[in-house]
Structure formats: C-alpha cells, structure tokens
file query_25.cif (mmCIF, C-alpha atoms)
data_protein
loop_
_atom_site.group_PDB
_atom_site.id
_atom_site.type_symbol
_atom_site.label_atom_id
_atom_site.label_comp_id
_atom_site.auth_asym_id
_atom_site.auth_seq_id
_atom_site.Cartn_x
_atom_site.Cartn_y
_atom_site.Cartn_z
ATOM 1 C CA MET K 1 18.487 31.763 16.895
ATOM 2 C CA THR K 2 16.274 28.933 15.570
ATOM 3 C CA LYS K 3 14.312 28.790 18.822
ATOM 4 C CA MET K 4 13.896 32.552 18.782
ATOM 5 C CA ILE K 5 12.535 32.441 15.231
ATOM 6 C CA ARG K 6 10.084 29.659 16.082
ATOM 7 C CA ALA K 7 8.932 31.411 19.258
ATOM 8 C CA SER K 8 8.443 34.741 17.482
ATOM 9 C CA PHE K 9 6.408 33.255 14.650
ATOM 10 C CA TYR K 10 4.358 31.223 17.116
ATOM 11 C CA LYS K 11 3.634 34.350 19.168
ATOM 12 C CA MET K 12 2.683 36.277 16.041
ATOM 13 C CA TYR K 13 0.154 33.622 15.021
ATOM 14 C CA GLN K 14 -1.246 33.410 18.551
ATOM 15 C CA ASP K 15 -1.920 37.142 18.594
ATOM 16 C CA ARG K 16 -5.421 38.039 17.459
ATOM 17 C CA ALA K 17 -4.037 41.165 15.828
ATOM 18 C CA SER K 18 -2.376 38.990 13.174
ATOM 19 C CA ALA K 19 -5.696 37.448 12.096
ATOM 20 C CA LEU K 20 -7.456 40.810 12.329
ATOM 21 C CA CYS K 21 -4.772 42.297 10.071
ATOM 22 C CA LEU K 22 -5.521 39.747 7.329
ATOM 23 C CA VAL K 23 -9.280 40.114 7.719
ATOM 24 C CA GLY K 24 -8.870 43.890 7.648
ATOM 25 C CA THR K 25 -6.785 43.588 4.481
ATOM 26 C CA ALA K 26 -9.543 41.634 2.758
ATOM 27 C CA LEU K 27 -12.224 44.117 3.846
ATOM 28 C CA TRP K 28 -10.107 47.128 2.875
ATOM 29 C CA THR K 29 -9.320 45.589 -0.524
ATOM 30 C CA LEU K 30 -13.019 44.947 -1.038
ATOM 31 C CA LEU K 31 -13.745 48.595 -0.230
ATOM 32 C CA VAL K 32 -11.042 49.668 -2.700
ATOM 33 C CA ILE K 33 -12.585 47.497 -5.425
ATOM 34 C CA VAL K 34 -16.035 48.980 -4.763
ATOM 35 C CA PHE K 35 -14.513 52.433 -5.102
ATOM 36 C CA ILE K 36 -12.780 51.462 -8.358
ATOM 37 C CA ASN K 37 -16.031 50.206 -9.821
ATOM 38 C CA TRP K 38 -18.162 52.910 -8.170
ATOM 39 C CA ALA K 39 -20.184 54.205 -11.117
ATOM 40 C CA PRO K 40 -22.165 51.539 -13.057
ATOM 41 C CA GLU K 41 -21.555 53.304 -16.360
ATOM 42 C CA ASP K 42 -17.808 53.155 -15.710
ATOM 43 C CA GLY K 43 -17.856 49.529 -14.590
ATOM 44 C CA LEU K 44 -14.884 47.379 -15.523
ATOM 45 C CA ASN K 45 -15.147 44.418 -17.853
ATOM 46 C CA LEU K 46 -12.114 42.341 -16.950
ATOM 47 C CA MET K 47 -12.365 40.410 -20.198
ATOM 48 C CA VAL K 48 -10.908 43.570 -21.780
ATOM 49 C CA PRO K 49 -7.087 43.668 -21.327
ATOM 50 C CA GLU K 50 -7.031 47.438 -20.729
ATOM 51 C CA HIS K 51 -9.691 47.158 -18.029
ATOM 52 C CA LEU K 52 -7.910 44.203 -16.446
ATOM 53 C CA ALA K 53 -4.613 46.115 -16.209
ATOM 54 C CA LYS K 54 -6.415 49.149 -14.768
ATOM 55 C CA TYR K 55 -8.155 46.948 -12.215
ATOM 56 C CA TRP K 56 -4.943 45.443 -10.821
ATOM 57 C CA ARG K 57 -3.031 48.718 -10.980
ATOM 58 C CA GLU K 58 -5.654 50.574 -8.977
ATOM 59 C CA VAL K 59 -6.210 47.759 -6.481
ATOM 60 C CA PHE K 60 -2.659 48.265 -5.254
ATOM 61 C CA SER K 61 -2.202 51.978 -5.938
ATOM 62 C CA MET K 62 -5.026 52.748 -3.481
ATOM 63 C CA GLN K 63 -2.997 51.339 -0.560
ATOM 64 C CA SER K 64 -4.874 48.041 -0.291
ATOM 65 C CA VAL K 65 -1.626 46.617 1.117
ATOM 66 C CA SER K 66 0.100 49.635 2.673
ATOM 67 C CA ILE K 67 -2.575 50.775 5.127
ATOM 68 C CA PRO K 68 -3.466 47.376 6.690
ATOM 69 C CA LEU K 69 0.226 46.394 6.759
ATOM 70 C CA LEU K 70 1.282 49.576 8.561
ATOM 71 C CA THR K 71 -1.557 49.190 11.039
ATOM 72 C CA GLY K 72 -0.909 45.493 11.626
ATOM 73 C CA MET K 73 2.845 45.919 12.092
ATOM 74 C CA THR K 74 2.365 48.740 14.578
ATOM 75 C CA VAL K 75 -0.203 46.877 16.683
ATOM 76 C CA LEU K 76 1.655 43.559 16.637
ATOM 77 C CA PHE K 77 5.194 44.658 17.362
ATOM 78 C CA SER K 78 4.778 47.811 19.437
ATOM 79 C CA ALA K 79 2.856 45.750 22.002
ATOM 80 C CA GLU K 80 6.057 43.981 23.039
ATOM 81 C CA PHE K 81 7.592 47.303 24.038
ATOM 82 C CA LYS K 82 4.401 48.512 25.681
ATOM 83 C CA ASP K 83 4.093 45.480 27.994
ATOM 84 C CA GLN K 84 7.899 45.256 28.392
ATOM 85 C CA SER K 85 7.899 41.574 27.357
ATOM 86 C CA TRP K 86 10.834 42.136 25.019
ATOM 87 C CA LYS K 87 13.101 42.702 28.047
ATOM 88 C CA LEU K 88 12.397 39.144 29.204
ATOM 89 C CA VAL K 89 13.640 37.846 25.849
ATOM 90 C CA ILE K 90 16.843 39.894 26.078
ATOM 91 C CA ALA K 91 17.344 38.777 29.692
ATOM 92 C CA LYS K 92 17.325 35.120 28.574
ATOM 93 C CA GLY K 93 20.493 35.658 26.568
ATOM 94 C CA VAL K 94 19.175 36.726 23.166
ATOM 95 C CA SER K 95 21.165 39.676 21.810
ATOM 96 C CA GLN K 96 19.351 42.797 20.708
ATOM 97 C CA ALA K 97 20.682 42.324 17.158
ATOM 98 C CA GLU K 98 19.187 38.804 17.032
ATOM 99 C CA TYR K 99 15.910 40.070 18.465
ATOM 100 C CA TYR K 100 15.577 42.836 15.869
ATOM 101 C CA PHE K 101 16.569 40.511 13.031
ATOM 102 C CA VAL K 102 13.942 37.925 13.953
ATOM 103 C CA LYS K 103 11.268 40.611 14.267
ATOM 104 C CA LEU K 104 12.252 41.881 10.825
ATOM 105 C CA LEU K 105 11.659 38.384 9.440
ATOM 106 C CA CYS K 106 8.239 38.396 11.118
ATOM 107 C CA CYS K 107 7.429 41.778 9.564
ATOM 108 C CA LEU K 108 8.439 40.606 6.094
ATOM 109 C CA TRP K 109 6.376 37.435 6.473
ATOM 110 C CA LEU K 110 3.402 39.524 7.589
ATOM 111 C CA GLU K 111 3.891 41.615 4.459
ATOM 112 C CA VAL K 112 3.755 38.483 2.274
ATOM 113 C CA GLN K 113 0.521 37.423 3.981
ATOM 114 C CA VAL K 114 -1.062 40.849 3.541
ATOM 115 C CA CYS K 115 -0.108 40.894 -0.158
ATOM 116 C CA PHE K 116 -1.596 37.420 -0.533
ATOM 117 C CA ALA K 117 -4.825 38.439 1.232
ATOM 118 C CA ALA K 118 -5.186 41.502 -1.009
ATOM 119 C CA THR K 119 -4.409 39.546 -4.184
ATOM 120 C CA LEU K 120 -6.735 36.677 -3.275
ATOM 121 C CA THR K 121 -9.587 39.067 -2.430
ATOM 122 C CA ALA K 122 -9.138 40.975 -5.681
ATOM 123 C CA THR K 123 -9.013 37.722 -7.654
ATOM 124 C CA LEU K 124 -12.159 36.268 -6.066
ATOM 125 C CA VAL K 125 -14.147 39.490 -6.450
ATOM 126 C CA GLY K 126 -12.955 39.935 -10.027
ATOM 127 C CA TRP K 127 -13.808 36.360 -10.919
ATOM 128 C CA GLY K 128 -17.131 36.297 -9.119
ATOM 129 C CA SER K 129 -18.683 39.602 -10.070
ATOM 130 C CA MET K 130 -16.577 41.321 -12.729
ATOM 131 C CA ASN K 131 -16.126 38.585 -15.362
ATOM 132 C CA MET K 132 -12.420 37.993 -14.852
ATOM 133 C CA PRO K 133 -11.279 35.040 -17.004
ATOM 134 C CA MET K 134 -9.760 32.162 -15.028
ATOM 135 C CA SER K 135 -7.345 30.419 -17.371
ATOM 136 C CA GLY K 136 -3.989 28.949 -16.495
ATOM 137 C CA ALA K 137 -2.232 31.913 -18.095
ATOM 138 C CA MET K 138 -4.333 34.347 -16.048
ATOM 139 C CA LEU K 139 -3.566 32.543 -12.789
ATOM 140 C CA TRP K 140 0.150 32.640 -13.625
ATOM 141 C CA THR K 141 -0.097 36.361 -14.346
ATOM 142 C CA ILE K 142 -1.852 36.951 -11.025
ATOM 143 C CA PHE K 143 0.825 34.922 -9.232
ATOM 144 C CA LEU K 144 3.543 37.020 -10.835
ATOM 145 C CA TYR K 145 1.759 40.158 -9.747
ATOM 146 C CA PHE K 146 1.528 38.816 -6.178
ATOM 147 C CA VAL K 147 5.268 38.093 -6.151
ATOM 148 C CA GLY K 148 5.954 41.516 -7.636
ATOM 149 C CA GLN K 149 3.895 43.248 -4.955
ATOM 150 C CA CYS K 150 5.730 41.326 -2.224
ATOM 151 C CA ILE K 151 8.996 42.631 -3.641
ATOM 152 C CA ALA K 152 7.614 46.118 -4.162
ATOM 153 C CA HIS K 153 6.349 46.512 -0.592
ATOM 154 C CA ALA K 154 9.492 45.087 1.027
ATOM 155 C CA PRO K 155 11.346 48.459 1.205
ATOM 156 C CA MET K 156 8.257 50.045 2.778
ATOM 157 C CA THR K 157 8.107 47.210 5.308
ATOM 158 C CA VAL K 158 11.731 47.754 6.339
ATOM 159 C CA LEU K 159 11.219 51.500 6.770
ATOM 160 C CA ALA K 160 7.947 51.051 8.687
ATOM 161 C CA TYR K 161 9.607 48.415 10.875
ATOM 162 C CA THR K 162 12.397 50.869 11.645
ATOM 163 C CA VAL K 163 9.880 53.508 12.723
ATOM 164 C CA VAL K 164 8.080 50.997 14.979
ATOM 165 C CA PHE K 165 11.269 49.883 16.698
ATOM 166 C CA LEU K 166 12.682 53.382 17.061
ATOM 167 C CA PHE K 167 9.592 54.952 18.641
ATOM 168 C CA ARG K 168 8.282 51.793 20.352
ATOM 169 C CA ASN K 169 5.036 53.610 21.093
ATOM 170 C CA PRO K 170 2.136 52.346 18.948
ATOM 171 C CA GLU K 171 0.376 55.702 18.721
ATOM 172 C CA VAL K 172 3.511 57.626 17.757
ATOM 173 C CA ALA K 173 4.788 54.932 15.378
ATOM 174 C CA SER K 174 1.464 54.562 13.547
ATOM 175 C CA THR K 175 1.059 58.337 13.229
ATOM 176 C CA PHE K 176 4.585 58.743 11.865
ATOM 177 C CA ASN K 177 4.161 55.880 9.380
ATOM 178 C CA ILE K 178 0.864 57.273 8.094
ATOM 179 C CA LEU K 179 2.483 60.686 7.666
ATOM 180 C CA LEU K 180 5.305 59.073 5.683
ATOM 181 C CA LEU K 181 2.763 57.242 3.537
ATOM 182 C CA PHE K 182 0.696 60.281 2.623
ATOM 183 C CA PHE K 183 3.156 63.177 2.778
ATOM 184 C CA GLY K 184 6.625 61.656 2.345
ATOM 185 C CA SER K 185 6.379 61.364 -1.436
ATOM 186 C CA LEU K 186 4.994 64.895 -1.711
ATOM 187 C CA LEU K 187 7.866 66.331 0.325
ATOM 188 C CA LEU K 188 10.444 64.434 -1.722
ATOM 189 C CA ARG K 189 8.924 65.703 -4.974
ATOM 190 C CA LYS K 190 9.086 69.265 -3.680
ATOM 191 C CA LEU K 191 12.663 68.739 -2.540
ATOM 192 C CA GLY K 192 13.604 67.206 -5.886
ATOM 193 C CA GLY K 193 12.037 70.167 -7.676
ATOM 194 C CA ALA K 194 13.949 72.610 -5.478
ATOM 195 C CA PHE K 195 17.220 70.892 -6.364
ATOM 196 C CA GLY K 196 16.285 70.764 -10.047
ATOM 197 C CA ILE K 197 16.350 66.957 -10.272
ATOM 198 C CA GLY K 198 12.652 66.395 -10.973
ATOM 199 C CA ASN K 199 11.125 63.295 -9.405
ATOM 200 C CA ALA K 200 14.372 61.348 -9.215
ATOM 201 C CA LEU K 201 14.292 61.281 -5.418
ATOM 202 C CA THR K 202 10.987 59.457 -5.311
ATOM 203 C CA GLY K 203 12.524 56.535 -7.141
ATOM 204 C CA ILE K 204 14.354 55.573 -3.937
ATOM 205 C CA TRP K 205 11.421 56.261 -1.617
ATOM 206 C CA ALA K 206 10.044 53.120 0.044
ATOM 207 C CA PHE K 207 6.402 54.106 -0.253
ATOM 208 C CA GLU K 208 6.723 54.600 -4.022
ATOM 209 C CA GLN K 209 8.117 51.191 -4.895
ATOM 210 C CA TYR K 210 4.866 49.415 -5.733
ATOM 211 C CA GLN K 211 4.444 51.776 -8.687
ATOM 212 C CA PHE K 212 7.602 50.424 -10.312
ATOM 213 C CA VAL K 213 6.530 46.783 -10.372
ATOM 214 C CA VAL K 214 4.404 45.477 -13.256
ATOM 215 C CA PHE K 215 3.199 42.063 -14.447
ATOM 216 C CA GLY K 216 6.234 39.836 -14.822
ATOM 217 C CA GLY K 217 8.709 42.707 -15.017
ATOM 218 C CA PRO K 218 12.062 41.233 -13.881
ATOM 219 C CA THR K 219 13.943 44.475 -14.563
ATOM 220 C CA GLU K 220 11.693 46.376 -12.165
ATOM 221 C CA TRP K 221 11.921 43.546 -9.637
ATOM 222 C CA ILE K 222 15.727 43.738 -9.655
ATOM 223 C CA TYR K 223 15.640 47.523 -9.283
ATOM 224 C CA VAL K 224 13.316 47.371 -6.283
ATOM 225 C CA GLY K 225 15.332 44.498 -4.824
ATOM 226 C CA ILE K 226 18.443 46.675 -4.833
ATOM 227 C CA ILE K 227 16.470 49.455 -3.135
ATOM 228 C CA PHE K 228 15.291 46.916 -0.539
ATOM 229 C CA LEU K 229 18.858 45.869 0.269
ATOM 230 C CA ALA K 230 19.888 49.513 0.649
ATOM 231 C CA TYR K 231 17.009 50.149 3.055
ATOM 232 C CA LEU K 232 17.846 46.948 4.923
ATOM 233 C CA VAL K 233 21.451 48.002 5.509
ATOM 234 C CA VAL K 234 20.760 51.639 6.403
ATOM 235 C CA CYS K 235 17.699 50.980 8.569
ATOM 236 C CA GLY K 236 19.408 48.035 10.260
ATOM 237 C CA LEU K 237 22.324 50.223 11.241
ATOM 238 C CA VAL K 238 19.981 52.921 12.531
ATOM 239 C CA VAL K 239 18.052 50.459 14.721
ATOM 240 C CA CYS K 240 21.191 48.756 16.058
ATOM 241 C CA VAL K 241 22.977 52.021 16.856
ATOM 242 C CA SER K 242 19.869 53.475 18.469
ATOM 243 C CA SER K 243 19.208 50.372 20.571
ATOM 244 C CA ALA K 244 22.863 50.175 21.691
ATOM 245 C CA ARG K 245 22.539 53.644 23.212
ATOM 246 C CA ARG K 246 19.349 52.860 25.124
ATOM 247 C CA ASP K 247 19.174 51.567 28.632
ATOM 248 C CA LEU K 248 17.071 48.403 28.850
ATOM 249 C CA ALA K 249 16.018 49.378 32.305
#

call {"tool": "encode", "arguments": {"input": "query_25.cif", "output": "structure tokens"}}
result
Amino acid sequence: MTKMIRASFYKMYQDRASALCLVGTALWTLLVIVFINWAPEDGLNLMVPEHLAKYWREVFSMQSVSIPLLTGMTVLFSAEFKDQSWKLVIAKGVSQAEYYFVKLLCCLWLEVQVCFAATLTATLVGWGSMNMPMSGAMLWTIFLYFVGQCIAHAPMTVLAYTVVFLFRNPEVASTFNILLLFFGSLLLRKLGGAFGIGNALTGIWAFEQYQFVVFGGPTEWIYVGIIFLAYLVVCGLVVCVSSARRDLA
C-alpha cells in the first residue's frame, strides 16, 4: 500500500497536467477577480470589512476552485483508463479497492493544492492592487478560509472522483461533472419544491458545500465534514460494486 501511494503521487507530479491544473487555477482565479472588480466605480476597497468579506465570498462562489479541479481531475485520472496503464498496476497484485483508495487520496491532495493556488492568487492580487491589509490577524483569517474551502470542496471532490472512475472516459466524465456543477443544484431545488421541502435537499449536495463554510466557522466545518463522510461511504461503495462487476480484460 505504501509503495502504491508513493508511486501514485510521484506519477501525479510527473504529469504535466498536474502543473497545468495549478497554473490554470491561478489564471482562472485572476479572471474571477477581474470580473468581481469589473466596474471602476464599484471597485472594492479591501480595507473595508464588508468589501473584504464580499471579495472572498465571490472569489470562491464563482467556481475559482470547482472548474479547474473538475478539469484537472478528469484529465489526470481518466488518462490511466484511456491508455490502459491501470491494468498493469492491478496485474502486479494491487487490489482494485487499494487502487481506488490511493487515487482518492491523490484527488483529495489535488483539491488541497487547487484551493491553495486559488487562495494564494486571491491574496496576492488583493494585497498588490486592492489595498488588502497584511497583518498577522488577516493572514490567520485567510489561512482559516483556505482550510474551510478545503473542507467545503471535499464532498464535491469525492463525487467528481466517482464520476471519473465510473465512466473512465475523459470526455464523458468531464461533461457529466460540468452538468452536475451547473444544473445539479437547480434540479435538486426543483425537486425539493415539488416535495414541499424547500431547499433542504441542496444542503446535502456536494456542489453546494462551499456556500456553508465561512471564516473560522467550526460548526459549518463539522456539518460539511459529516456530509463528506457520507459521500465517501456511499460513493466508495458505488465504485467498488461497479468495478467488481467489470471485466478487466
């Protein structure tokens, strides 16, 4: 298991797609920030607490993490099914359950890196051109927000990972994940309305979780953590059952 983990992380870092994913995250976050501060008369002064909160909220609500993460995961991990290299790993005695578990760890680590790239880009741009104060308290607040976003995007990562490993085709997996990102919440809201339960269903939806996490909010972190564990169990069972019924040949 240890060798498999080391080999998988080494392969992920050797793949150019991993570096391109982080660079793409920084560029996409920069584009999001430009959009946030589009009109000069509506420019943000991050010395003002209300503007600062709006800045960080919108940086993440505009999918500065979700879109590059979905794209990066699909490109990185679907390739192993496309070139059939994953069969060589299984043939060397690694069980399918171990293989999927290690790849899940890689996906979660990629998510942490993408969140860090987005947070770092937003911090540097805010400090350099939008008058963001750089005190010790501010850096701690930004760190807490980074940790919170890692937790918030973890359920989405598990669900997106499940889609990638179920379809195994990069085009199909990426299309399905993008559809879930943009239309899944809408469908759940409509379904919740039809059942007369309002928006309660969206509270368990993976692509909604980042909206529940705020600066240093441990209650929200615990809530999303429970959702993450539920996704981990359900999606893990789905992947394992599906893979057990497939012929490796």

call {"tool": "resolve_selection", "arguments": {"input": "query_25.cif", "expression": "the PyMOL selection byres ((chain K and resi 149-161) around 7)", "output": "count of residues only"}}
result
28

call {"tool": "closest_atom_pairs", "arguments": {"input": "query_25.cif", "of": "range 22-135 of chain K", "to": "range 3-14 of chain K", "cutoff": "9 Å", "atoms": "all atoms listed in the file", "output": "CSV"}}
result
residue,atom,partner,partner_atom,distance
K:Leu76,CA,K:Met12,CA,7.4
K:Phe77,CA,K:Met12,CA,8.8
K:Val89,CA,K:Met4,CA,8.8
K:Val94,CA,K:Met4,CA,8.0
K:Glu98,CA,K:Met4,CA,8.4
K:Tyr99,CA,K:Met4,CA,7.8
K:Val102,CA,K:Ile5,CA,5.8
K:Lys103,CA,K:Ser8,CA,7.3
K:Leu105,CA,K:Ile5,CA,8.3
K:Cys106,CA,K:Phe9,CA,6.5

call {"tool": "resolve_selection", "arguments": {"input": "query_25.cif", "expression": "the PyMOL selection byres ((chain K and resi 126-137) around 7)", "output": "number ranges by chain"}}
result
K: 44-47, 122-125, 138-141

call {"tool": "closest_residue", "arguments": {"input": "query_25.cif", "among": "K:Arg57, K:Lys190, K:His51, K:Arg16", "to": "Gln211 in chain K", "atoms": "only C-alpha atoms"}}
result
K:Arg57

call {"tool": "closest_atom_pairs", "arguments": {"input": "query_25.cif", "of": "range 104-139 of chain K", "to": "range 20-26 of chain K", "cutoff": "9 Å", "atoms": "all atoms listed in the file", "output": "Markdown table"}}
result
| residue | atom | partner | partner_atom | distance |
| --- | --- | --- | --- | --- |
| K:Leu110 | CA | K:Leu22 | CA | 8.9 |
| K:Gln113 | CA | K:Leu22 | CA | 7.3 |
| K:Val114 | CA | K:Leu22 | CA | 6.0 |
| K:Cys115 | CA | K:Thr25 | CA | 8.6 |
| K:Ala117 | CA | K:Ala26 | CA | 5.9 |
| K:Ala118 | CA | K:Ala26 | CA | 5.8 |
| K:Thr119 | CA | K:Ala26 | CA | 8.9 |
| K:Leu120 | CA | K:Ala26 | CA | 8.3 |
| K:Thr121 | CA | K:Ala26 | CA | 5.8 |
| K:Ala122 | CA | K:Ala26 | CA | 8.5 |

call {"tool": "residues_around", "arguments": {"input": "query_25.cif", "residues": "Arg168 in chain K", "least_positions_apart": "4", "cutoff": "12 Å", "atoms": "all atoms listed in the file", "output": "PyMOL selection string"}}
result
chain K and resi 73-84+86+160-164+172-174+176+239+242-243

call {"tool": "atom_distance", "arguments": {"input": "query_25.cif", "atom1": "CA of Met62 in chain K", "atom2": "CA of Gly216 in chain K"}}
result
20.5 Å
